[in-house]
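Q: Pasting a structure below so you can have a look.
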Amino acid sequence: QEPEDAQRTALLLRKQWSLYGVTPLYGFSDAHLKDYARMLSAAIAAEKQKGLAVEVGVELDMDIKVAVSSLPELKGRDHDQAAILVQLSSRSPSSPKNSEKKLIWSGWFCCVSGDDLSKNVPEDFTCLPLFLANGAESYTSIVGSWFQKTFDCCFRRLAISPLNLSWMAAMWTACKVDKTASATELVFSVPGLLQPLDISYAIHSEDAKALWDSVQKTPGEITQEEVDVFMDCLYSHFHRHFKIHLSATKLVKVSTAIASAHCDGTVKFLQSEHLTGVLMLLTELAISEIE
Amino acid sequence: MERRRSFKTPKQPLQVQHKIQTNLSAWQKGVRIDSEKSVQSHQSPNNQKNYSKQDSLEESLSYFENIKARVSLKTNNSLQKHLSTVETIALQRGLPPEAFDVLLNVALSGKLADTVNTRLLKSLIPASVVPENCVVSSVSWLCVSKCSSNIQLLFLRWLITVFDFIDCKTQIHALYGFFFSFLQDEKMCPYVCHVLYLLTRKENVKPFRIRRLLDLQAKVGMQPYLQALLSLYKFFRPELVTITLPGKTKIFFKNPDGPWKAAINTIRQRNQKNSAVPQPLIFSTAQVQSRKRKWNTQLLISASSANRNISEEDRGRDRVSLFSVNESLPVEQLKTFSQLLQNIHCLEFPSRMGSVLTNPLLLHYMNCIKDESVYLRLYYWMGQTLQEECSWCVVENSQYEEGFKDFLETVYKAECFLQEGFSSCEEFLYKSLPLWDGSCCRSQVLRLVSWISLSSFSEMKSRLCDPLAQLFLTSSLYFKCSVLESLKELLQNWLNCHAIHLDSELDSQGHSSNTTLSGRVNVVAELINFVGRISTVALHLENNSALLLYFILDFYETVCDIYLRYNLPLLIMPPAGIFYPALLSMDPVNLNQLCYIMYRYRTNLVAAKENELSKKKILQFKFSNKTYQEYNQFLSAMVGCLWTSSVFQKDVHPQGLHMDDELLKKTAVQDFKISFNVVHHPAMMGYAVHFLRQAWPDDTTFDFSLIKGKKWDWYLKYLYAQGLSGLQLFVDSSINRVSQASRSKAGNAQEGP
């Protein structure tokens with residue numbers, strides 16, 4: 001990987017991303033990213049001062065600058081569409097004019113091994129089914145609306161079901177990590193109570209990995225059955241100590257040294273070498289929501 | 001807007017006449033008119049003076065035409081007189097086209113005092129049209145600014161009001177730049193914006209004008225009239241300007257009607273009373289609902305043109321290409337069907353395909369352009385919207401049920417328009433029906449069910465029929481009826497679709513359809529059998545409700561005619577659980593309908609038999625003997641019941657009415673044999689009583705046995721006259737009257753084809 005690429009990938013780590021599923025973009029082209037940035041920045045300026053028209057392409061004395069760029073390294077397979085990064089940065093009003101701009105919002109579209117979707121759509125569609133946003137919701141809404149309007153696509157929040165969370169728990173446990181890595185933590189929410197009650201279940205990542213290795217039959221392949229067995233083992237262990245059936249609760253959050261994910265549809269990536277792996281699973285989830 | 005060609009009145013007589021006018025008569029008339037004017041009445045009491053008024057208008061016009069220098073109103077009596085004449089006639093009948101040039105010239109030239117000019121402008125009420133050239137000369141008067149700014153403003157307001165009365169606008173369009181230059185006048189600016197709003201075409205939108213408007217905006221701020229013009233500019237050239245309008249729709253322009261609108265309307269009404277003017281097509285625009293969510297606030301999108309000029313701009317980096325006039329017609333401007341026809345080669349689809357749902361013209365267009373990406377864009381949008389907004393799948397949405405209802409309704413209407421279902425809608429139904437409570441958006445959901453496509457019964461069985469059957473059997477009578485109604489429509493839509501397929505197959509002889517004929521037959525048969533099953537159970541549950549039976553027989557009215565009407569070799573008899581309750585129904589409507597259905601079954605079977613015998617059909621298909629058998633069993637039961645009074649002996653159907661004589665005797669019912677014939681049948685007894693009353697008015701014993709022989713024939717005729725045409729068709733086709741002599745003993749069933 002190019003050092004510059006690595007640097008840009010680093011931008012994606014250790015941030016909380018809200019997940020969205022996006023239907024294929026119609027009439028999108030990699031060749032026009034600069035134009036898109038120009039138009040999007042005009043749209044943001046117009047939205048910020050409703051009712052005032054804004055000429056496209058004129059450098060306004062506005063505080064928001066838009067950059068749209070491609071992240072070609074974020075691909076599962078060669079024919080995946082290159083990821084697209086959108087960044088909004090602002091100049092703080094106090095500091096002098098040419099000072100460094102501060103990143104206030106970022107969002108990116110990606111498609112990692114999304115053949116299921118992309119092979120079925122005609123050429124004038126671009127498949128970038130997964131969108132991740134970090135920053136104020138108001139910007140997400142402006143940028144999302146602009147994309148919806150310009151490329152006739154739809155954005156939908158992507159929630160992660162407890163079943164998929166348990167898959168993530170198993171898959172991320174299976175990855176090799178340093179001994180110093182933080183513990184694997186599963187958060188369960190107890191339903192039907194007036195006061196919310198969350199149960200946090202933390203396991204040393206080595207122990208979790210040992211358990212998983214004993215469950216998994218063929219390396220490199222995971223089945224639903226194995227995931228169920230893995231979770232059942234964790235549940236019965238917990239029951240032995242606390243007499244609580246976790247199977248009756250709802251898994252709401254999984255965090256490991258690789259990444260963390262919440263059922264609300266937010267994720268955090270922690271390791272760049274596993275980034276594409278996690279994105280592959282998320283792409284799959286996004287596609288299943290679209291189709 | 002009503003538009004008429006101006007009738008060209010030669011100007012000549014107008015100019016010649018006034019010279020030989022005697023002062024005295026003019027004076028007298030003037031006084032008279034003046035007094036009228038002071039009453040301010042639109043309805044002049046002396047209509048008989050109309051003819052002379054025409055003369056006096058011409059006089060007045062020529063007077064105004066010849067004013068050379070400034071004249072004072074107070075001191076000049078003839079000015080007073082002519083001014084009043086013009087005012088009165090304008091209010092009563094409107095001014096003829098040739099008057100506008102004269103009056104505008106004098107009013108804008110500054111020769112007269114402003115009070116006079118104002119009164120002149122206020123009386124510029126068109127009787128038919130306003131000639132274009134008078135507007136052109138007026139603009140030139142404005143350019144030399146001879147008149148005061150108040151008069152200029154009044155003129156602009158007048159121009160806006162009568163804009164649609166201008167006979168031709170080619171030259172006015174050429175003056176676009178002049179109007180644009182008036183923007184710098186602060187007072188005129190709002191009105192000029194309005195005029196520009198009416199005039200602007202795509203080729204008028206230029207970067208330098210946008211810059212000018214933006215500068216103006218910077219100066220005067222967020223003014224609604226500027227917003228309106230700028231958003232129009234954006235419509236035409238979205239790549240050049242971006243504007244977001246505040247959420248609430250605003251009235252951009254103040255009501256410029258001024259003093260003219262009411263008078264124009266009165267005159268137009270009077271003139272148009274007898275001419276039928278075709279109403280302009282008005283398409284429903286979806287009511288925007290206020291929703292709490294932050295984005296994707298509207299379920300239905302209005303059409304706006306796509307912003308696809310990036311590549312064009314890219315080619316000519318120097319922005320030259322931006323000045324080229326793009327030939328395609330933006331969807332916002334598409335308003336009429338004839339426009340669609342004229343521009344069908346160069347129409348752009350809207351930026352968001354979902355907007356076609358509320359736009360019938362675009363649906364037409366979509367229908368004739370078979371573009372995969374069009375359907376795919378709509379598919380993705382609709383699929384996502386349905387899933388996200390579904391008010392029974394997503395708990396938080398329950399408060400938006402009304403909005404979702406409207407949305408489903410719109411989708412259904414579009415499906416009816418296109419005569420085909422949307423696949424995204426079908427998938428949505430499959431996904432969400434298992435979760436459906438049967439009440440949320442009921443009629444909308446059931447109507448959408450009727451557009452599920454024929455190709456997928458395997459899925460339909462588990463994903464539609466099973467959840468629907470569960471709801472069907474546990475819900476109210478009315479729900480059952482609406483389900484049957486929608487399944488009938490589903491069946492009809494399938495059959496129509498099949499009929500179209502069949503035509504196109506005959507045309508192309510190709511393998512265009514992926515479903516084979518036998519596949520289609522099986523799918524349709526499964527649906528019919530499904531409806532047969534649930535209907536049987538429902539009749540049990542609802543105690544053979546007449547209403548339910550009506551809906552069931554309605555379904556079978558389509559079923560019995562499939563072979564002949566839709567050319568599909570399929571004939572399925574209703575189950576005994578439907579046939580017998582209908583035969584013994586207490587309700588003549590249902591019995592009559594059953595007779596009609598049996599008659600159609602017979603017609604279809606006879607046709608099939610004939611085709612089979614003649615072997616003309618390439619399509620060799622035979623209804624199985626079992627079908628004929630079933631039909632014959634039902635037929636003999638029916639004839640035995642209604643006609644020969646032998647039903648308890650002759651019915652051989654295992655679920656039929658066969659009963660031992662011994663058992664029947666035990667019931668102690670006298671004459672049980674005849675108790676279900678056309679006279680004694682509970683559904684018919686009312687008719688029989690009426691008939692007896694009419695035939696033997698003095699007899700109060702109601703002796704039904706009197707109806708026999710010739711009276712039997714009369715009775716039948718009476719029944720037919722009461723609208724029981726199904727019975728008539730059945731009797732005429734299936735029952736052979738043996739002979740005139742033995743008719744009292746009724747007929748003899750023909751045992752089917």
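Simple scheme: letters A, B, ... for chains in structure tokens order, numbers from 1 for residues in each chain, numbers from 1 for ligands in the order shown.
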Would you give me, as a Markdown table, each residue of chain A having an atom within 8 Å of an atom of chain B, along with its shortest atom pair and that distance in Å to one decimal, using only C-alpha atoms and sorting by chain and residue number?
A:
| residue | atom | partner | partner_atom | distance |
| --- | --- | --- | --- | --- |
| A:Thr23 | CA | B:Tyr380 | CA | 6.3 |
| A:Pro24 | CA | B:Tyr380 | CA | 8.0 |
| A:Tyr26 | CA | B:Arg377 | CA | 7.5 |
| A:His32 | CA | B:Ile310 | CA | 7.5 |
| A:Asp35 | CA | B:Ile310 | CA | 7.1 |
| A:Met39 | CA | B:Glu239 | CA | 7.5 |
| A:Ala42 | CA | B:Thr242 | CA | 6.2 |
| A:Ala43 | CA | B:Thr242 | CA | 6.1 |
| A:Ala46 | CA | B:Ile243 | CA | 5.2 |
| A:Glu47 | CA | B:Thr244 | CA | 5.6 |
| A:Gln49 | CA | B:Thr244 | CA | 7.9 |
| A:Lys50 | CA | B:Thr244 | CA | 5.2 |
| A:Gly51 | CA | B:Leu245 | CA | 4.6 |
| A:Leu52 | CA | B:Met222 | CA | 5.8 |
| A:Ala53 | CA | B:Ile243 | CA | 4.1 |
| A:Val54 | CA | B:Thr242 | CA | 5.0 |
| A:Glu55 | CA | B:Val241 | CA | 4.4 |
| A:Val56 | CA | B:Leu240 | CA | 5.2 |
| A:Gly57 | CA | B:Leu240 | CA | 7.9 |
| A:Pro122 | CA | B:Ser373 | CA | 7.1 |
| A:Asp124 | CA | B:Ser373 | CA | 7.7 |
| A:Ser141 | CA | B:Trp295 | CA | 5.9 |
| A:Ser145 | CA | B:Trp295 | CA | 7.1 |
| A:Gln148 | CA | B:Arg352 | CA | 7.9 |
| A:Lys149 | CA | B:Arg352 | CA | 6.2 |
| A:Thr150 | CA | B:Ser351 | CA | 6.4 |
| A:Phe151 | CA | B:Ser351 | CA | 7.3 |
| A:Asp152 | CA | B:Arg352 | CA | 4.9 |
| A:Cys153 | CA | B:Trp381 | CA | 6.7 |
| A:Cys154 | CA | B:Trp381 | CA | 6.1 |
| A:Arg156 | CA | B:Gln384 | CA | 7.5 |
| A:Ile290 | CA | B:Gln384 | CA | 7.0 |
Q: Pick out each residue of stretch 510-665 of chain B that DSSP on the backbone tags as alpha helix (DSSP H); I need them as a PDB file with C-alpha atoms, in the first residue's frame.
A:
ATOM      1  CA  LEU B 517     -48.989 -22.150 -21.462  1.00  0.00           C
ATOM      2  CA  SER B 518     -49.356 -25.173 -19.247  1.00  0.00           C
ATOM      3  CA  GLY B 519     -47.417 -23.361 -16.555  1.00  0.00           C
ATOM      4  CA  ARG B 520     -49.811 -20.463 -16.739  1.00  0.00           C
ATOM      5  CA  VAL B 521     -52.823 -22.765 -16.703  1.00  0.00           C
ATOM      6  CA  ASN B 522     -51.511 -24.410 -13.552  1.00  0.00           C
ATOM      7  CA  VAL B 523     -50.915 -21.102 -11.817  1.00  0.00           C
ATOM      8  CA  VAL B 524     -54.396 -19.834 -12.623  1.00  0.00           C
ATOM      9  CA  ALA B 525     -55.901 -23.167 -11.581  1.00  0.00           C
ATOM     10  CA  GLU B 526     -54.109 -23.003  -8.251  1.00  0.00           C
ATOM     11  CA  LEU B 527     -55.473 -19.561  -7.558  1.00  0.00           C
ATOM     12  CA  ILE B 528     -59.022 -20.658  -8.411  1.00  0.00           C
ATOM     13  CA  ASN B 529     -58.742 -23.748  -6.242  1.00  0.00           C
ATOM     14  CA  PHE B 530     -57.367 -21.627  -3.421  1.00  0.00           C
ATOM     15  CA  VAL B 531     -60.336 -19.291  -3.628  1.00  0.00           C
ATOM     16  CA  GLY B 532     -62.659 -22.309  -3.819  1.00  0.00           C
ATOM     17  CA  ARG B 533     -61.207 -23.709  -0.606  1.00  0.00           C
ATOM     18  CA  ILE B 534     -61.307 -20.540   1.444  1.00  0.00           C
ATOM     19  CA  SER B 535     -64.766 -19.690   0.137  1.00  0.00           C
ATOM     20  CA  THR B 536     -66.151 -23.048   1.210  1.00  0.00           C
ATOM     21  CA  VAL B 537     -64.827 -22.590   4.711  1.00  0.00           C
ATOM     22  CA  ALA B 538     -65.967 -18.979   4.843  1.00  0.00           C
ATOM     23  CA  LEU B 539     -69.539 -19.934   3.877  1.00  0.00           C
ATOM     24  CA  HIS B 540     -69.573 -22.350   6.800  1.00  0.00           C
ATOM     25  CA  LEU B 541     -68.189 -19.752   9.161  1.00  0.00           C
ATOM     26  CA  ALA B 546     -75.902 -13.900   1.107  1.00  0.00           C
ATOM     27  CA  LEU B 547     -73.396 -11.067   0.853  1.00  0.00           C
ATOM     28  CA  LEU B 548     -70.450 -13.430   0.987  1.00  0.00           C
ATOM     29  CA  LEU B 549     -72.094 -15.737  -1.515  1.00  0.00           C
ATOM     30  CA  TYR B 550     -72.559 -12.792  -3.823  1.00  0.00           C
ATOM     31  CA  PHE B 551     -68.817 -12.071  -3.814  1.00  0.00           C
ATOM     32  CA  ILE B 552     -67.970 -15.749  -4.273  1.00  0.00           C
ATOM     33  CA  LEU B 553     -70.290 -16.109  -7.250  1.00  0.00           C
ATOM     34  CA  ASP B 554     -68.856 -12.898  -8.641  1.00  0.00           C
ATOM     35  CA  PHE B 555     -65.480 -14.610  -8.630  1.00  0.00           C
ATOM     36  CA  TYR B 556     -66.923 -17.648 -10.389  1.00  0.00           C
ATOM     37  CA  GLU B 557     -68.521 -15.470 -13.005  1.00  0.00           C
ATOM     38  CA  THR B 558     -64.987 -14.843 -14.237  1.00  0.00           C
ATOM     39  CA  VAL B 559     -63.939 -18.460 -13.715  1.00  0.00           C
ATOM     40  CA  ILE B 562     -62.085 -18.363 -18.942  1.00  0.00           C
ATOM     41  CA  TYR B 563     -62.036 -20.620 -21.974  1.00  0.00           C
ATOM     42  CA  LEU B 564     -64.117 -18.421 -24.228  1.00  0.00           C
ATOM     43  CA  ARG B 565     -63.300 -14.968 -22.974  1.00  0.00           C
ATOM     44  CA  TYR B 566     -59.600 -15.293 -22.326  1.00  0.00           C
ATOM     45  CA  ALA B 576     -69.917 -28.521  -3.830  1.00  0.00           C
ATOM     46  CA  GLY B 577     -69.516 -26.425  -0.708  1.00  0.00           C
ATOM     47  CA  ILE B 578     -70.236 -23.372  -2.833  1.00  0.00           C
ATOM     48  CA  PHE B 579     -72.612 -24.858  -5.378  1.00  0.00           C
ATOM     49  CA  TYR B 580     -75.181 -26.235  -2.954  1.00  0.00           C
ATOM     50  CA  PRO B 581     -75.391 -23.215  -0.661  1.00  0.00           C
ATOM     51  CA  ALA B 582     -75.925 -21.127  -3.798  1.00  0.00           C
ATOM     52  CA  LEU B 583     -78.563 -23.517  -5.131  1.00  0.00           C
ATOM     53  CA  PRO B 588     -82.962 -14.681  -5.688  1.00  0.00           C
ATOM     54  CA  VAL B 589     -79.958 -12.604  -6.780  1.00  0.00           C
ATOM     55  CA  ASN B 590     -77.565 -15.403  -5.914  1.00  0.00           C
ATOM     56  CA  LEU B 591     -79.769 -18.126  -7.369  1.00  0.00           C
ATOM     57  CA  ASN B 592     -80.091 -16.144 -10.585  1.00  0.00           C
ATOM     58  CA  GLN B 593     -76.324 -15.642 -10.669  1.00  0.00           C
ATOM     59  CA  LEU B 594     -75.772 -19.375 -10.179  1.00  0.00           C
ATOM     60  CA  CYS B 595     -78.082 -20.038 -13.126  1.00  0.00           C
ATOM     61  CA  TYR B 596     -76.110 -17.604 -15.239  1.00  0.00           C
ATOM     62  CA  ILE B 597     -72.801 -19.169 -14.230  1.00  0.00           C
ATOM     63  CA  MET B 598     -74.066 -22.661 -15.041  1.00  0.00           C
ATOM     64  CA  TYR B 599     -75.224 -21.378 -18.407  1.00  0.00           C
ATOM     65  CA  ARG B 600     -71.737 -19.948 -19.117  1.00  0.00           C
ATOM     66  CA  TYR B 601     -70.086 -23.190 -18.017  1.00  0.00           C
ATOM     67  CA  ARG B 602     -72.278 -24.989 -20.489  1.00  0.00           C
ATOM     68  CA  THR B 603     -71.428 -22.565 -23.294  1.00  0.00           C
ATOM     69  CA  ASN B 604     -67.701 -22.950 -22.596  1.00  0.00           C
ATOM     70  CA  LEU B 605     -67.903 -26.725 -22.431  1.00  0.00           C
ATOM     71  CA  VAL B 606     -69.900 -26.948 -25.626  1.00  0.00           C
ATOM     72  CA  ALA B 607     -67.374 -24.705 -27.398  1.00  0.00           C
ATOM     73  CA  ALA B 608     -64.514 -26.831 -26.113  1.00  0.00           C
ATOM     74  CA  LYS B 609     -66.216 -29.999 -27.266  1.00  0.00           C
ATOM     75  CA  GLU B 610     -66.806 -28.537 -30.712  1.00  0.00           C
ATOM     76  CA  ASN B 611     -63.195 -27.434 -31.020  1.00  0.00           C
ATOM     77  CA  GLU B 612     -62.108 -30.864 -29.948  1.00  0.00           C
ATOM     78  CA  LEU B 613     -64.304 -32.567 -32.522  1.00  0.00           C
ATOM     79  CA  SER B 614     -63.399 -30.277 -35.387  1.00  0.00           C
ATOM     80  CA  ASN B 625     -64.082 -36.241 -18.552  1.00  0.00           C
ATOM     81  CA  LYS B 626     -64.135 -35.527 -14.879  1.00  0.00           C
ATOM     82  CA  THR B 627     -64.920 -31.900 -15.603  1.00  0.00           C
ATOM     83  CA  TYR B 628     -67.876 -32.877 -17.786  1.00  0.00           C
ATOM     84  CA  GLN B 629     -68.982 -35.317 -15.133  1.00  0.00           C
ATOM     85  CA  GLU B 630     -68.869 -32.688 -12.433  1.00  0.00           C
ATOM     86  CA  TYR B 631     -70.805 -30.295 -14.586  1.00  0.00           C
ATOM     87  CA  ASN B 632     -73.455 -32.898 -15.358  1.00  0.00           C
ATOM     88  CA  GLN B 633     -73.852 -33.816 -11.712  1.00  0.00           C
ATOM     89  CA  PHE B 634     -74.426 -30.199 -10.783  1.00  0.00           C
ATOM     90  CA  LEU B 635     -76.696 -29.691 -13.742  1.00  0.00           C
ATOM     91  CA  SER B 636     -78.920 -32.629 -12.924  1.00  0.00           C
ATOM     92  CA  ALA B 637     -79.066 -31.511  -9.322  1.00  0.00           C
ATOM     93  CA  MET B 638     -80.133 -28.085 -10.455  1.00  0.00           C
ATOM     94  CA  VAL B 639     -82.697 -29.276 -12.953  1.00  0.00           C
ATOM     95  CA  VAL B 647     -83.689 -33.659  -6.663  1.00  0.00           C
ATOM     96  CA  PHE B 648     -83.875 -35.946  -3.643  1.00  0.00           C
ATOM     97  CA  GLN B 649     -83.920 -38.990  -5.864  1.00  0.00           C
ATOM     98  CA  LYS B 650     -81.688 -37.989  -8.735  1.00  0.00           C
ATOM     99  CA  ASP B 661     -87.906 -41.334   0.750  1.00  0.00           C
ATOM    100  CA  GLU B 662     -88.299 -42.895   4.186  1.00  0.00           C
ATOM    101  CA  LEU B 663     -86.276 -40.165   5.776  1.00  0.00           C
ATOM    102  CA  LEU B 664     -88.126 -37.468   3.883  1.00  0.00           C
ATOM    103  CA  LYS B 665     -91.453 -38.849   4.973  1.00  0.00           C
TER     104      LYS B 665
END
Q: Please identify all polymer residues within 12 Å of A:Phe238, counting only C-alpha atoms, omitting same-chain residues fewer than 5 positions from it, and present them as a VMD selection string.
A: chain A and resid 186 199 to 203 231 to 233 243 to 247
Q: Residues within 8 Å of stretch 458-464 of chain B, please, as a list in words. Count only C-alpha atoms; anything in the same chain fewer than 4 positions from it doesn't count.
A: Leu429, Tyr430, Lys431, Leu433, Pro434 and Leu468 of chain B
Q: Tell me, as an MDAnalysis selection string, which residues lie within 12 Å of A:Lys119, counting only C-alpha atoms; anything in the same chain fewer than 5 positions away does not count.
A: chainID A and resid 24 79:81 113:114 125:127
Q: A:Lys250: which residues within 12 Å, counting only C-alpha atoms, same-chain residues fewer than 2 positions away excluded, as a list of chain:residue names?
A: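 The contact residues come out as A:Ile160, A:Ser161, A:Pro162, A:Leu163, A:Asn164, A:Leu165, A:Ser166, A:Leu186, A:Val187, A:Phe188, A:Ser189, A:Val190, A:Pro191, A:Gly192, A:Pro196, A:Leu197, A:Asp198, A:Ile199, A:Ser200, A:His245, A:Leu246, A:Ser247, A:Ala248, A:Val252, A:Lys253, A:Val254, A:His262, A:Cys263.
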Q: Within 12 Å of stretch 258-262 of chain B, counting only C-alpha atoms, which residues qualify if same-chain residues fewer than 6 places away don't, as a VMD selection string?
A: chain B and resid 42 87 90 to 92 94 118 to 127 153 to 163 165 268 to 269
Q: Report the residues of stretch 40-75 of chain A whose backbone DSSP state falls under strand (DSSP E or B), written as a list of chain:residue names.
A: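 Taking stretch 40-75 of chain A and keeping strand (DSSP E or B) gives A:Val54, A:Glu55, A:Ile64, A:Lys65, A:Val66, A:Ala67, A:Val68, A:Ser69, A:Ser70, A:Leu71.
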Q: Go ahead and save the picked residues with all heavy atoms, as a tab-separated table (two decimals), in the first residue's frame.
A:
chain	number	residue	atom	x	y	z
A	54	VAL	N	-27.44	30.46	-4.94
A	54	VAL	CA	-25.99	30.44	-4.94
A	54	VAL	C	-25.52	30.03	-6.32
A	54	VAL	O	-26.04	29.09	-6.91
A	54	VAL	CB	-25.49	29.41	-3.90
A	54	VAL	CG1	-23.99	29.35	-3.92
A	54	VAL	CG2	-26.00	29.75	-2.53
A	55	GLU	N	-24.57	30.77	-6.84
A	55	GLU	CA	-24.03	30.40	-8.14
A	55	GLU	C	-23.09	29.22	-7.97
A	55	GLU	O	-22.26	29.20	-7.06
A	55	GLU	CB	-23.28	31.58	-8.73
A	55	GLU	CG	-22.92	31.36	-10.18
A	55	GLU	CD	-22.23	32.57	-10.78
A	55	GLU	OE1	-22.08	33.58	-10.07
A	55	GLU	OE2	-21.85	32.48	-11.94
A	64	ILE	N	-17.58	26.34	4.60
A	64	ILE	CA	-17.52	24.90	4.33
A	64	ILE	C	-16.85	24.63	3.00
A	64	ILE	O	-17.22	25.20	1.98
A	64	ILE	CB	-18.93	24.28	4.28
A	64	ILE	CG1	-19.73	24.67	5.51
A	64	ILE	CG2	-18.85	22.78	4.09
A	64	ILE	CD1	-19.45	23.86	6.72
A	65	LYS	N	-15.88	23.74	3.00
A	65	LYS	CA	-15.25	23.33	1.75
A	65	LYS	C	-15.52	21.85	1.55
A	65	LYS	O	-15.47	21.08	2.50
A	65	LYS	CB	-13.74	23.59	1.82
A	65	LYS	CG	-13.04	23.45	0.49
A	65	LYS	CD	-11.56	23.65	0.67
A	65	LYS	CE	-10.71	23.26	-0.52
A	65	LYS	NZ	-11.30	22.61	-1.64
A	66	VAL	N	-15.81	21.49	0.32
A	66	VAL	CA	-16.15	20.10	0.06
A	66	VAL	C	-15.06	19.46	-0.79
A	66	VAL	O	-14.60	20.05	-1.76
A	66	VAL	CB	-17.49	20.00	-0.70
A	66	VAL	CG1	-17.83	18.55	-0.99
A	66	VAL	CG2	-18.60	20.66	0.09
A	67	ALA	N	-14.64	18.26	-0.40
A	67	ALA	CA	-13.71	17.51	-1.23
A	67	ALA	C	-14.31	16.13	-1.48
A	67	ALA	O	-14.79	15.48	-0.56
A	67	ALA	CB	-12.36	17.38	-0.52
A	68	VAL	N	-14.32	15.74	-2.74
A	68	VAL	CA	-14.78	14.40	-3.09
A	68	VAL	C	-13.61	13.69	-3.75
A	68	VAL	O	-13.03	14.19	-4.70
A	68	VAL	CB	-15.98	14.45	-4.06
A	68	VAL	CG1	-16.46	13.05	-4.38
A	68	VAL	CG2	-17.11	15.26	-3.48
A	69	SER	N	-13.23	12.54	-3.20
A	69	SER	CA	-12.08	11.85	-3.76
A	69	SER	C	-12.34	10.35	-3.76
A	69	SER	O	-13.30	9.88	-3.16
A	69	SER	CB	-10.82	12.17	-2.95
A	69	SER	OG	-11.06	11.85	-1.60
A	70	SER	N	-11.47	9.66	-4.43
A	70	SER	CA	-11.68	8.22	-4.55
A	70	SER	C	-10.69	7.49	-3.64
A	70	SER	O	-9.56	7.95	-3.42
A	70	SER	CB	-11.54	7.87	-6.02
A	70	SER	OG	-10.85	6.69	-6.18
A	71	LEU	N	-11.09	6.39	-3.10
A	71	LEU	CA	-10.21	5.58	-2.25
A	71	LEU	C	-10.03	4.21	-2.92
A	71	LEU	O	-10.68	3.24	-2.55
A	71	LEU	CB	-10.83	5.36	-0.87
A	71	LEU	CG	-10.99	6.54	0.08
A	71	LEU	CD1	-11.81	6.13	1.28
A	71	LEU	CD2	-9.63	7.03	0.53
